file my_file-v4.txt (compact mmCIF, C-alpha atoms)
# COMPACT_ATOMS: atom_id res chain seq x y z
CA ALA A 720 56.55 101.70 82.07
CA LEU A 721 53.11 100.60 83.23
CA THR A 722 51.45 103.90 82.23
CA ALA A 723 52.43 107.05 80.38
CA THR A 724 51.10 110.63 80.57
CA LYS A 725 48.36 109.56 83.02
CA ARG A 726 49.46 111.87 85.87
CA LEU A 727 49.50 109.16 88.52
CA TYR A 728 51.27 109.28 91.88
CA SER A 729 51.34 107.62 95.35
CA PRO A 730 51.17 104.03 94.02
CA ASP A 731 50.67 100.96 96.19
CA LEU A 732 50.74 97.37 94.91
CA SER A 733 47.90 95.04 95.89
CA PRO A 734 48.73 91.88 97.89
CA ASP A 735 47.99 89.67 94.85
CA GLU A 736 50.13 91.97 92.65
CA GLN A 737 47.31 92.28 90.14
CA SER A 738 46.54 95.94 90.69
CA VAL A 739 48.15 99.20 91.73
CA VAL A 740 46.07 101.74 93.62
CA ALA A 741 47.13 105.33 92.98
CA VAL A 742 45.98 108.94 92.90
CA GLN A 743 45.32 110.50 89.50
CA THR A 744 45.24 114.22 88.85
CA ALA A 745 41.83 115.19 87.48
CA LEU A 746 41.68 118.96 87.52
CA PRO A 747 40.36 120.79 89.44
CA GLY A 748 40.83 117.86 91.84
CA ASN A 749 42.00 114.27 91.82
CA ARG A 750 40.61 110.76 92.08
CA LEU A 751 41.44 107.33 93.46
CA VAL A 752 42.16 104.76 90.74
CA ALA A 753 43.31 101.17 90.29
CA VAL A 754 45.74 100.25 87.53
CA SER A 755 45.98 96.71 86.15
CA THR A 756 49.56 95.45 86.39
CA GLU A 757 49.03 93.37 83.23
CA SER A 758 47.30 95.79 80.86
CA GLY A 759 47.81 99.19 82.47
CA LYS A 760 44.05 99.78 82.27
CA ILE A 761 42.88 102.43 84.72
CA GLU A 762 39.67 102.03 86.73
CA THR A 763 38.26 104.86 88.83
CA LEU A 764 37.56 103.75 92.39
CA LEU A 765 36.48 107.06 93.90
CA HIS A 766 35.98 110.56 92.52
CA LEU A 767 34.45 113.20 94.77
CA GLU A 768 33.80 116.79 93.82
CA HIS A 769 35.33 119.39 96.13
CA ALA A 770 37.57 116.78 97.81
CA PHE A 771 41.12 115.49 97.42
CA VAL A 772 42.53 112.06 98.25
CA PHE A 773 46.11 111.23 99.28
CA ASN A 774 48.41 108.27 99.96
CA PRO A 775 46.17 105.21 99.36
CA ARG A 776 47.22 101.86 100.84
CA TRP A 777 45.78 98.37 100.26
CA SER A 778 44.53 96.31 103.19
CA PRO A 779 46.31 92.97 103.72
CA ASP A 780 43.36 91.04 102.27
CA GLY A 781 43.18 93.29 99.20
CA ARG A 782 39.53 94.16 99.78
CA GLN A 783 39.86 97.68 101.15
CA VAL A 784 41.93 100.78 100.56
CA ALA A 785 42.82 103.29 103.27
CA PHE A 786 43.54 106.86 102.24
CA ALA A 787 43.55 110.44 103.47
CA ILE A 788 40.76 112.72 102.27
CA LYS A 789 40.65 116.50 102.41
CA ASP A 790 37.19 118.04 102.06
CA SER A 791 36.04 121.51 101.09
CA THR A 792 36.42 122.78 104.67
CA GLY A 793 40.14 122.03 104.62
CA ALA A 794 39.84 119.25 107.20
CA GLN A 795 41.78 116.07 106.38
CA HIS A 796 40.87 112.64 107.73
CA ILE A 797 41.57 108.96 107.17
CA ALA A 798 38.94 106.98 105.27
CA THR A 799 38.51 103.46 103.93
CA LEU A 800 37.00 102.23 100.66
CA ASP A 801 35.47 98.80 100.06
CA THR A 802 36.66 98.00 96.54
CA ARG A 803 33.90 95.45 95.98
CA SER A 804 30.91 97.60 96.88
CA GLY A 805 32.46 100.99 96.16
CA ARG A 806 31.29 102.28 99.53
CA TRP A 807 33.63 104.47 101.55
CA GLN A 808 33.53 105.85 105.09
CA ARG A 809 35.61 108.07 107.33
CA LEU A 810 37.66 106.28 109.94
CA THR A 811 38.87 109.23 112.03
CA LYS A 812 36.78 111.94 113.62
CA ALA A 813 35.97 115.23 111.90
CA ASP A 814 37.53 117.30 114.69
CA GLY A 815 39.67 119.69 112.67
CA SER A 816 42.76 117.49 112.84
CA HIS A 817 45.09 116.88 109.93
CA ASP A 818 45.47 113.13 109.33
CA ASN A 819 47.65 111.58 106.64
CA SER A 820 49.82 108.63 105.52
CA PRO A 821 47.73 105.62 106.59
CA CYS A 822 49.13 102.09 106.73
CA TRP A 823 47.55 98.80 107.84
CA SER A 824 48.62 96.35 110.47
CA SER A 825 49.30 92.91 108.98
CA SER A 826 46.12 91.60 110.62
CA GLY A 827 44.06 94.38 109.03
CA SER A 828 42.46 95.29 112.35
CA LEU A 829 44.35 98.56 112.86
CA ILE A 830 45.30 101.51 110.70
CA PHE A 831 48.29 103.63 111.69
CA TYR A 832 48.60 107.22 110.47
CA THR A 833 50.08 110.63 111.15
CA SER A 834 47.88 113.13 113.00
CA ASP A 835 48.18 116.45 114.82
CA ARG A 836 45.09 115.81 116.96
CA SER A 837 47.24 116.06 120.10
CA GLY A 838 48.64 119.43 119.05
CA THR A 839 51.82 117.93 117.57
CA PHE A 840 52.10 115.49 114.68
CA ASN A 841 52.51 111.97 116.02
CA ILE A 842 51.69 108.42 114.97
CA TRP A 843 48.20 107.24 115.89
CA ALA A 844 46.40 103.91 115.57
CA THR A 845 42.67 103.36 115.13
CA LYS A 846 40.69 100.12 115.19
CA VAL A 847 38.91 99.69 111.87
CA LYS A 848 35.74 98.16 113.34
CA SER A 849 35.27 100.16 116.55
CA GLY A 850 37.03 103.44 115.79
CA LYS A 851 38.89 103.31 119.12
CA SER A 852 42.12 105.31 118.87
CA TRP A 853 45.49 105.60 120.59
CA MET A 854 48.49 107.87 120.29
CA VAL A 855 51.37 105.49 119.59
CA THR A 856 54.32 107.91 119.65
CA ASP A 857 54.94 111.00 121.76
CA GLU A 858 57.63 112.86 119.82
CA LYS A 859 57.92 116.50 120.85
CA ASN A 860 58.88 117.79 117.37
CA GLY A 861 56.75 115.48 115.23
CA ALA A 862 56.51 111.94 113.82
CA PHE A 863 55.43 111.16 110.26
CA SER A 864 55.03 108.46 107.57
CA PRO A 865 54.48 105.27 109.61
CA ASP A 866 55.00 101.73 108.36
CA VAL A 867 54.42 98.51 110.30
CA SER A 868 56.60 95.40 110.14
CA ALA A 869 55.17 92.23 108.59
CA ASN A 870 54.67 90.59 111.99
CA ASP A 871 53.21 93.70 113.68
CA SER A 872 56.09 93.76 116.16
CA SER A 873 57.64 97.10 115.27
CA LEU A 874 56.84 100.48 113.80
CA ALA A 875 59.12 102.59 111.61
CA TYR A 876 58.50 106.29 111.06
CA THR A 877 60.19 109.58 110.29
CA VAL A 878 60.93 111.79 113.29
CA TYR A 879 61.92 115.45 113.25
CA THR A 880 64.68 116.55 115.63
CA GLU A 881 66.88 119.59 116.05
CA MET A 882 69.31 117.84 113.70
CA GLY A 883 66.73 117.30 110.95
CA PHE A 884 64.70 114.26 109.85
CA HIS A 885 65.64 110.73 110.92
CA ILE A 886 64.13 107.26 110.58
CA ARG A 887 63.23 105.63 113.89
CA SER A 888 61.96 102.17 114.75
CA ILE A 889 60.18 101.19 117.97
CA ASP A 890 58.55 98.05 119.35
CA LEU A 891 54.77 98.01 119.08
CA ASP A 892 53.93 97.63 122.76
CA ARG A 893 50.24 98.45 123.32
CA GLN A 894 50.90 98.96 127.02
CA LYS A 895 52.76 102.14 126.07
CA TRP A 896 50.07 103.52 123.78
CA ILE A 897 48.11 106.49 125.09
CA ALA A 898 44.32 106.22 124.87
CA GLU A 899 42.65 109.06 123.01
CA THR A 900 40.64 109.97 126.11
CA GLU A 901 43.90 110.60 128.03
CA VAL A 902 45.38 112.97 125.45
CA ARG A 903 44.69 116.65 125.96
CA ARG A 904 45.15 118.98 123.04
CA THR A 905 46.55 122.44 123.64
CA ALA A 906 47.91 125.16 121.40
CA ARG A 907 51.48 124.66 122.65
CA HIS A 908 51.92 121.06 123.65
CA SER A 909 50.10 117.85 124.49
CA VAL A 910 50.12 115.89 127.71
CA HIS A 911 48.52 112.65 128.79
CA VAL A 912 47.43 111.72 132.28
CA PRO A 913 48.08 108.08 133.24
CA ALA A 914 45.12 106.51 134.98
CA GLU A 915 46.90 106.14 138.33
CA ASP A 916 47.98 109.80 138.30
CA ALA A 917 44.50 110.97 137.37
CA GLY A 918 43.01 108.96 140.23
CA GLN A 919 45.55 110.29 142.70
CA THR A 920 44.93 113.84 141.53
CA ALA A 921 41.19 113.50 142.06
CA ALA A 922 41.81 111.96 145.48
CA ASN A 923 43.85 115.01 146.43
CA GLY A 924 40.88 117.22 145.71
CA VAL A 925 42.42 118.87 142.67
CA GLY A 926 39.76 117.59 140.30
CA SER A 927 40.51 116.51 136.74
CA THR A 928 43.37 118.91 136.07
CA ALA A 929 46.74 117.61 134.92
CA PRO A 930 49.17 116.34 137.57
CA ARG A 931 51.52 118.93 139.01
CA GLN A 932 54.59 117.42 137.32
CA TRP A 933 53.25 118.59 133.94
CA HIS A 934 54.16 122.14 133.00
CA SER A 935 54.64 124.23 129.89
CA GLY A 936 57.89 125.97 129.17
CA ARG A 937 59.26 128.44 126.68
CA TYR A 938 60.36 127.19 123.30
CA ASN A 939 64.16 126.87 123.37
CA ALA A 940 65.64 127.47 119.94
CA LEU A 941 69.12 128.39 121.15
CA GLY A 942 69.90 124.89 122.36
CA GLN A 943 68.99 123.49 118.95
CA ILE A 944 71.19 125.77 116.85
CA LEU A 945 74.35 126.06 118.95
CA ARG A 946 76.17 123.40 116.96
CA PRO A 947 76.27 123.29 113.15
CA GLN A 948 73.82 120.96 111.44
CA GLY A 949 75.67 121.03 108.14
CA TRP A 950 79.08 122.11 106.90
CA PHE A 951 81.32 121.80 103.86
CA PRO A 952 84.72 123.02 102.64
CA TRP A 953 84.93 126.68 101.66
CA ALA A 954 87.30 128.86 99.64
CA VAL A 955 87.21 132.66 99.48
CA GLU A 956 89.17 135.38 97.69
CA ASP A 957 89.50 138.72 99.53
CA GLU A 958 92.06 141.36 100.52
CA ASN A 959 94.06 138.67 102.33
CA GLY A 960 94.34 136.62 99.17
CA THR A 961 92.98 133.12 98.73
CA ALA A 962 91.76 131.51 101.96
CA PHE A 963 90.45 128.02 102.75
CA GLY A 964 88.15 126.93 105.56
CA VAL A 965 84.63 125.70 106.26
CA PHE A 966 81.08 126.98 105.75
CA ALA A 967 78.45 125.94 108.33
CA LEU A 968 74.75 126.50 108.96
CA SER A 969 72.04 125.58 111.47
CA ALA A 970 68.30 126.15 112.06
CA ASP A 971 65.77 125.35 114.78
CA ALA A 972 62.93 122.85 114.38
CA LEU A 973 60.31 125.50 113.64
CA HIS A 974 62.56 127.39 111.22
CA ARG A 975 62.17 130.60 113.21
CA HIS A 976 65.89 131.06 113.86
CA ASP A 977 68.94 130.17 111.82
CA TRP A 978 72.52 131.14 111.19
CA ASN A 979 75.17 130.50 108.56
CA GLY A 980 78.75 131.60 108.18
CA PHE A 981 82.28 130.70 107.23
CA VAL A 982 85.79 130.97 108.61
CA ALA A 983 88.85 130.61 106.42
CA PHE A 984 92.61 131.17 106.68
CA SER A 985 95.08 132.25 104.04
CA PRO A 986 97.96 129.77 103.67
CA GLU A 987 100.28 132.71 102.94
CA ASN A 988 99.82 134.85 106.04
CA LEU A 989 97.32 132.94 108.21
CA ASN A 990 95.05 136.00 108.39
CA PRO A 991 91.46 134.91 109.03
CA SER A 992 88.47 135.70 106.82
CA TRP A 993 85.06 135.17 108.34
CA ASP A 994 81.40 136.14 108.15
CA VAL A 995 78.30 135.12 110.15
CA THR A 996 74.66 135.89 109.36
call {"tool": "encode", "arguments": {"input": "my_file-v4.txt", "output": "structure tokens"}}
result
Amino acid sequence: ALTATKRLYSPDLSPDEQSVVAVQTALPGNRLVAVSTESGKIETLLHLEHAFVFNPRWSPDGRQVAFAIKDSTGAQHIATLDTRSGRWQRLTKADGSHDNSPCWSSSGSLIFYTSDRSGTFNIWATKVKSGKSWMVTDEKNGAFSPDVSANDSSLAYTVYTEMGFHIRSIDLDRQKWIAETEVRRTARHSVHVPAEDAGQTAANGVGSTAPRQWHSGRYNALGQILRPQGWFPWAVEDENGTAFGVFALSADALHRHDWNGFVAFSPENLNPSWDVT
């Protein structure tokens, strides 16, 4: 045990393995700390009143720490801290978005993170020096917790589908990234307009509206819950005696609709027992 009773969480080991950056509970808030891997000594890196920090990650050169910060307004952004000078600055815009789970590219030039700035949580990338941003994934139900391979060739993240959470890996092809200026945020969904489509649309006299192939539709929960998402063996005792069967359940991505039930048969008379909610 490196520490005891220090209320530390979200650890990340420095590249030289000499220090662990972590978040320490310090009621009524928390603070960013570094823990020596040799002595367990704790050094406070950042402590802000009326603000919380989350999920710190070391830069590849061990000079900076990226983290999520939630201020008194409830907005949450990605920020970086220079561990030598103690100076910190926000990396992402204060636009009301919820940003979290930063990770660095191996070159240290980009920070990947989860954000709902398009209207749906997806993985974004921002250049550390310029602040230029792209939407890297375009998952309709949400993408979270990114991590980049050591050679910057692929990105792993958690994706939410109608069958629950899964881990997905994609190639990091910048040609497929969507520039922030091409992403339009709406209450229901997000769309991006490729440059050639936008130019064609303007040429047709439509202006800067989205191309006609983009449309919004009703949320379809039924298609997500038709088949069971989980099941296990079931036994029941009722007026038919002891019966054996299966219990199953399913829910949609937004947890607005769900069902569960069982069906079982008595080995004595084959009468069914069942219930669905």
call {"tool": "residues_around", "arguments": {"input": "my_file-v4.txt", "residues": "Asp780 in chain A", "least_positions_apart": "4", "cutoff": "9 Å", "atoms": "all atoms listed in the file", "output": "list in words"}}
result
Ser733, Pro734, Asp735, Ser826 and Gly827 of chain A
call {"tool": "residues_around", "arguments": {"input": "my_file-v4.txt", "residues": "Gly942 in chain A", "least_positions_apart": "3", "cutoff": "9 Å", "atoms": "only C-alpha atoms", "output": "mmCIF file with C-alpha atoms, in the coordinates of the input"}}
result
data_model
loop_
_atom_site.group_PDB
_atom_site.id
_atom_site.type_symbol
_atom_site.label_atom_id
_atom_site.label_comp_id
_atom_site.auth_asym_id
_atom_site.auth_seq_id
_atom_site.Cartn_x
_atom_site.Cartn_y
_atom_site.Cartn_z
ATOM 1 C CA GLU A 881 66.880 119.590 116.050
ATOM 2 C CA ASN A 939 64.160 126.870 123.370
ATOM 3 C CA LEU A 945 74.350 126.060 118.950
ATOM 4 C CA ARG A 946 76.170 123.400 116.960
ATOM 5 C CA ASP A 971 65.770 125.350 114.780
#
call {"tool": "residues_around", "arguments": {"input": "my_file-v4.txt", "residues": "range 742-759 of chain A", "least_positions_apart": "6", "cutoff": "12 Å", "atoms": "all atoms listed in the file", "output": "PDB file with C-alpha atoms, in the frame of the given file"}}
result
ATOM      1  CA  ALA A 720      56.550 101.700  82.070  1.00  0.00           C
ATOM      2  CA  LEU A 721      53.110 100.600  83.230  1.00  0.00           C
ATOM      3  CA  THR A 722      51.450 103.900  82.230  1.00  0.00           C
ATOM      4  CA  ALA A 723      52.430 107.050  80.380  1.00  0.00           C
ATOM      5  CA  THR A 724      51.100 110.630  80.570  1.00  0.00           C
ATOM      6  CA  LYS A 725      48.360 109.560  83.020  1.00  0.00           C
ATOM      7  CA  ARG A 726      49.460 111.870  85.870  1.00  0.00           C
ATOM      8  CA  LEU A 727      49.500 109.160  88.520  1.00  0.00           C
ATOM      9  CA  TYR A 728      51.270 109.280  91.880  1.00  0.00           C
ATOM     10  CA  SER A 729      51.340 107.620  95.350  1.00  0.00           C
ATOM     11  CA  PRO A 730      51.170 104.030  94.020  1.00  0.00           C
ATOM     12  CA  ASP A 731      50.670 100.960  96.190  1.00  0.00           C
ATOM     13  CA  LEU A 732      50.740  97.370  94.910  1.00  0.00           C
ATOM     14  CA  SER A 733      47.900  95.040  95.890  1.00  0.00           C
ATOM     15  CA  ASP A 735      47.990  89.670  94.850  1.00  0.00           C
ATOM     16  CA  GLU A 736      50.130  91.970  92.650  1.00  0.00           C
ATOM     17  CA  LEU A 765      36.480 107.060  93.900  1.00  0.00           C
ATOM     18  CA  HIS A 766      35.980 110.560  92.520  1.00  0.00           C
ATOM     19  CA  LEU A 767      34.450 113.200  94.770  1.00  0.00           C
ATOM     20  CA  GLU A 768      33.800 116.790  93.820  1.00  0.00           C
ATOM     21  CA  HIS A 769      35.330 119.390  96.130  1.00  0.00           C
ATOM     22  CA  ALA A 770      37.570 116.780  97.810  1.00  0.00           C
ATOM     23  CA  PHE A 771      41.120 115.490  97.420  1.00  0.00           C
ATOM     24  CA  VAL A 772      42.530 112.060  98.250  1.00  0.00           C
ATOM     25  CA  PHE A 773      46.110 111.230  99.280  1.00  0.00           C
ATOM     26  CA  ASN A 774      48.410 108.270  99.960  1.00  0.00           C
ATOM     27  CA  PRO A 775      46.170 105.210  99.360  1.00  0.00           C
ATOM     28  CA  ARG A 776      47.220 101.860 100.840  1.00  0.00           C
ATOM     29  CA  TRP A 777      45.780  98.370 100.260  1.00  0.00           C
ATOM     30  CA  GLY A 781      43.180  93.290  99.200  1.00  0.00           C
ATOM     31  CA  GLN A 783      39.860  97.680 101.150  1.00  0.00           C
ATOM     32  CA  VAL A 784      41.930 100.780 100.560  1.00  0.00           C
ATOM     33  CA  ALA A 785      42.820 103.290 103.270  1.00  0.00           C
ATOM     34  CA  PHE A 786      43.540 106.860 102.240  1.00  0.00           C
ATOM     35  CA  ALA A 787      43.550 110.440 103.470  1.00  0.00           C
ATOM     36  CA  ILE A 788      40.760 112.720 102.270  1.00  0.00           C
ATOM     37  CA  LYS A 789      40.650 116.500 102.410  1.00  0.00           C
ATOM     38  CA  ASP A 790      37.190 118.040 102.060  1.00  0.00           C
ATOM     39  CA  SER A 791      36.040 121.510 101.090  1.00  0.00           C
ATOM     40  CA  THR A 799      38.510 103.460 103.930  1.00  0.00           C
ATOM     41  CA  LEU A 800      37.000 102.230 100.660  1.00  0.00           C
ATOM     42  CA  THR A 802      36.660  98.000  96.540  1.00  0.00           C
ATOM     43  CA  GLY A 805      32.460 100.990  96.160  1.00  0.00           C
ATOM     44  CA  TRP A 807      33.630 104.470 101.550  1.00  0.00           C
TER      45      TRP A 807
END
call {"tool": "residues_around", "arguments": {"input": "my_file-v4.txt", "residues": "Thr833 in chain A", "least_positions_apart": "2", "cutoff": "12 Å", "atoms": "all atoms listed in the file", "output": "PyMOL selection string"}}
result
chain A and resi 774+786-787+795-797+811+816-822+830-831+835-845+853-858+861-866+876-878
call {"tool": "residues_near_point", "arguments": {"input": "my_file-v4.txt", "point": "(44.7, 107.3, 124.3)", "cutoff": "10 Å", "atoms": "only C-alpha atoms", "output": "PDB file with C-alpha atoms, in the frame of the given file"}}
result
ATOM      1  CA  TRP A 843      48.200 107.240 115.890  1.00  0.00           C
ATOM      2  CA  ALA A 844      46.400 103.910 115.570  1.00  0.00           C
ATOM      3  CA  LYS A 851      38.890 103.310 119.120  1.00  0.00           C
ATOM      4  CA  SER A 852      42.120 105.310 118.870  1.00  0.00           C
ATOM      5  CA  TRP A 853      45.490 105.600 120.590  1.00  0.00           C
ATOM      6  CA  MET A 854      48.490 107.870 120.290  1.00  0.00           C
ATOM      7  CA  VAL A 855      51.370 105.490 119.590  1.00  0.00           C
ATOM      8  CA  LYS A 895      52.760 102.140 126.070  1.00  0.00           C
ATOM      9  CA  TRP A 896      50.070 103.520 123.780  1.00  0.00           C
ATOM     10  CA  ILE A 897      48.110 106.490 125.090  1.00  0.00           C
ATOM     11  CA  ALA A 898      44.320 106.220 124.870  1.00  0.00           C
ATOM     12  CA  GLU A 899      42.650 109.060 123.010  1.00  0.00           C
ATOM     13  CA  THR A 900      40.640 109.970 126.110  1.00  0.00           C
ATOM     14  CA  GLU A 901      43.900 110.600 128.030  1.00  0.00           C
ATOM     15  CA  VAL A 902      45.380 112.970 125.450  1.00  0.00           C
ATOM     16  CA  ARG A 903      44.690 116.650 125.960  1.00  0.00           C
ATOM     17  CA  HIS A 911      48.520 112.650 128.790  1.00  0.00           C
ATOM     18  CA  VAL A 912      47.430 111.720 132.280  1.00  0.00           C
ATOM     19  CA  PRO A 913      48.080 108.080 133.240  1.00  0.00           C
TER      20      PRO A 913
END
call {"tool": "closest_residue", "arguments": {"input": "my_file-v4.txt", "among": "A:Leu973, A:Ala962, A:Val955, A:Ala794", "to": "Met882 in chain A", "atoms": "all atoms listed in the file"}}
result
A:Leu973
call {"tool": "closest_residue", "arguments": {"input": "my_file-v4.txt", "among": "A:Tyr938, A:His974, A:Ser738, A:Ser778", "to": "Gly883 in chain A", "atoms": "all atoms listed in the file"}}
result
A:His974
call {"tool": "closest_residue", "arguments": {"input": "my_file-v4.txt", "among": "A:Gln737, A:Phe984, A:Leu968, A:Asn870", "to": "Ser824 in chain A", "atoms": "only C-alpha atoms"}}
result
A:Asn870
call {"tool": "closest_residue", "arguments": {"input": "my_file-v4.txt", "among": "A:Ala741, A:Ala972, A:Val867, A:Ala983", "to": "Phe951 in chain A", "atoms": "only C-alpha atoms"}}
result
A:Ala983
call {"tool": "closest_residue", "arguments": {"input": "my_file-v4.txt", "among": "A:Trp978, A:Asn959, A:Val965, A:Ser873", "to": "Pro991 in chain A", "atoms": "all atoms listed in the file"}}
result
A:Asn959
call {"tool": "atom_distance", "arguments": {"input": "my_file-v4.txt", "atom1": "CA of Arg806 in chain A", "atom2": "CA of Val740 in chain A"}}
result
15.9 Å
call {"tool": "atom_distance", "arguments": {"input": "my_file-v4.txt", "atom1": "CA of Ala798 in chain A", "atom2": "CA of Phe884 in chain A"}}
result
27.2 Å
call {"tool": "build_atoms", "arguments": {"input": "my_file-v4.txt", "residues": "range 778-798 of chain A", "atoms": "N, CA and C atoms", "output": "PDB file, keeping the file's coordinate frame"}}
result
ATOM      1  N   SER A 778      44.622  97.139 101.984  1.00  0.00           N
ATOM      2  CA  SER A 778      44.530  96.310 103.190  1.00  0.00           C
ATOM      3  C   SER A 778      45.212  94.979 102.901  1.00  0.00           C
ATOM      4  N   PRO A 779      45.617  94.248 103.937  1.00  0.00           N
ATOM      5  CA  PRO A 779      46.310  92.970 103.720  1.00  0.00           C
ATOM      6  C   PRO A 779      45.509  91.948 102.927  1.00  0.00           C
ATOM      7  N   ASP A 780      44.173  91.998 103.024  1.00  0.00           N
ATOM      8  CA  ASP A 780      43.360  91.040 102.270  1.00  0.00           C
ATOM      9  C   ASP A 780      43.005  91.547 100.872  1.00  0.00           C
ATOM     10  N   GLY A 781      43.418  92.764 100.531  1.00  0.00           N
ATOM     11  CA  GLY A 781      43.180  93.290  99.200  1.00  0.00           C
ATOM     12  C   GLY A 781      41.741  93.694  98.929  1.00  0.00           C
ATOM     13  N   ARG A 782      40.940  93.821  99.976  1.00  0.00           N
ATOM     14  CA  ARG A 782      39.530  94.160  99.780  1.00  0.00           C
ATOM     15  C   ARG A 782      39.225  95.627 100.056  1.00  0.00           C
ATOM     16  N   GLN A 783      40.096  96.282 100.807  1.00  0.00           N
ATOM     17  CA  GLN A 783      39.860  97.680 101.150  1.00  0.00           C
ATOM     18  C   GLN A 783      41.097  98.526 100.849  1.00  0.00           C
ATOM     19  N   VAL A 784      40.851  99.813 100.740  1.00  0.00           N
ATOM     20  CA  VAL A 784      41.930 100.780 100.560  1.00  0.00           C
ATOM     21  C   VAL A 784      41.757 101.867 101.611  1.00  0.00           C
ATOM     22  N   ALA A 785      42.818 102.162 102.336  1.00  0.00           N
ATOM     23  CA  ALA A 785      42.820 103.290 103.270  1.00  0.00           C
ATOM     24  C   ALA A 785      43.481 104.471 102.589  1.00  0.00           C
ATOM     25  N   PHE A 786      42.984 105.671 102.866  1.00  0.00           N
ATOM     26  CA  PHE A 786      43.540 106.860 102.240  1.00  0.00           C
ATOM     27  C   PHE A 786      43.199 108.079 103.081  1.00  0.00           C
ATOM     28  N   ALA A 787      43.878 109.172 102.830  1.00  0.00           N
ATOM     29  CA  ALA A 787      43.550 110.440 103.470  1.00  0.00           C
ATOM     30  C   ALA A 787      42.658 111.229 102.528  1.00  0.00           C
ATOM     31  N   ILE A 788      41.678 111.930 103.084  1.00  0.00           N
ATOM     32  CA  ILE A 788      40.760 112.720 102.270  1.00  0.00           C
ATOM     33  C   ILE A 788      40.633 114.115 102.862  1.00  0.00           C
ATOM     34  N   LYS A 789      40.756 115.097 102.014  1.00  0.00           N
ATOM     35  CA  LYS A 789      40.650 116.500 102.410  1.00  0.00           C
ATOM     36  C   LYS A 789      39.400 117.076 101.774  1.00  0.00           C
ATOM     37  N   ASP A 790      38.455 117.548 102.593  1.00  0.00           N
ATOM     38  CA  ASP A 790      37.190 118.040 102.060  1.00  0.00           C
ATOM     39  C   ASP A 790      37.233 119.539 101.829  1.00  0.00           C
ATOM     40  N   SER A 791      36.104 120.105 101.461  1.00  0.00           N
ATOM     41  CA  SER A 791      36.040 121.510 101.090  1.00  0.00           C
ATOM     42  C   SER A 791      36.282 122.448 102.260  1.00  0.00           C
ATOM     43  N   THR A 792      36.167 121.945 103.493  1.00  0.00           N
ATOM     44  CA  THR A 792      36.420 122.780 104.670  1.00  0.00           C
ATOM     45  C   THR A 792      37.904 122.877 104.996  1.00  0.00           C
ATOM     46  N   GLY A 793      38.713 122.057 104.338  1.00  0.00           N
ATOM     47  CA  GLY A 793      40.140 122.030 104.620  1.00  0.00           C
ATOM     48  C   GLY A 793      40.530 120.974 105.625  1.00  0.00           C
ATOM     49  N   ALA A 794      39.539 120.314 106.249  1.00  0.00           N
ATOM     50  CA  ALA A 794      39.840 119.250 107.200  1.00  0.00           C
ATOM     51  C   ALA A 794      40.311 118.005 106.441  1.00  0.00           C
ATOM     52  N   GLN A 795      41.231 117.261 107.030  1.00  0.00           N
ATOM     53  CA  GLN A 795      41.780 116.070 106.380  1.00  0.00           C
ATOM     54  C   GLN A 795      41.722 114.887 107.333  1.00  0.00           C
ATOM     55  N   HIS A 796      41.107 113.798 106.888  1.00  0.00           N
ATOM     56  CA  HIS A 796      40.870 112.640 107.730  1.00  0.00           C
ATOM     57  C   HIS A 796      41.299 111.371 107.006  1.00  0.00           C
ATOM     58  N   ILE A 797      41.295 110.267 107.748  1.00  0.00           N
ATOM     59  CA  ILE A 797      41.570 108.960 107.170  1.00  0.00           C
ATOM     60  C   ILE A 797      40.233 108.295 106.851  1.00  0.00           C
ATOM     61  N   ALA A 798      40.152 107.657 105.696  1.00  0.00           N
ATOM     62  CA  ALA A 798      38.940 106.980 105.270  1.00  0.00           C
ATOM     63  C   ALA A 798      39.299 105.623 104.672  1.00  0.00           C
TER      64      ALA A 798
END
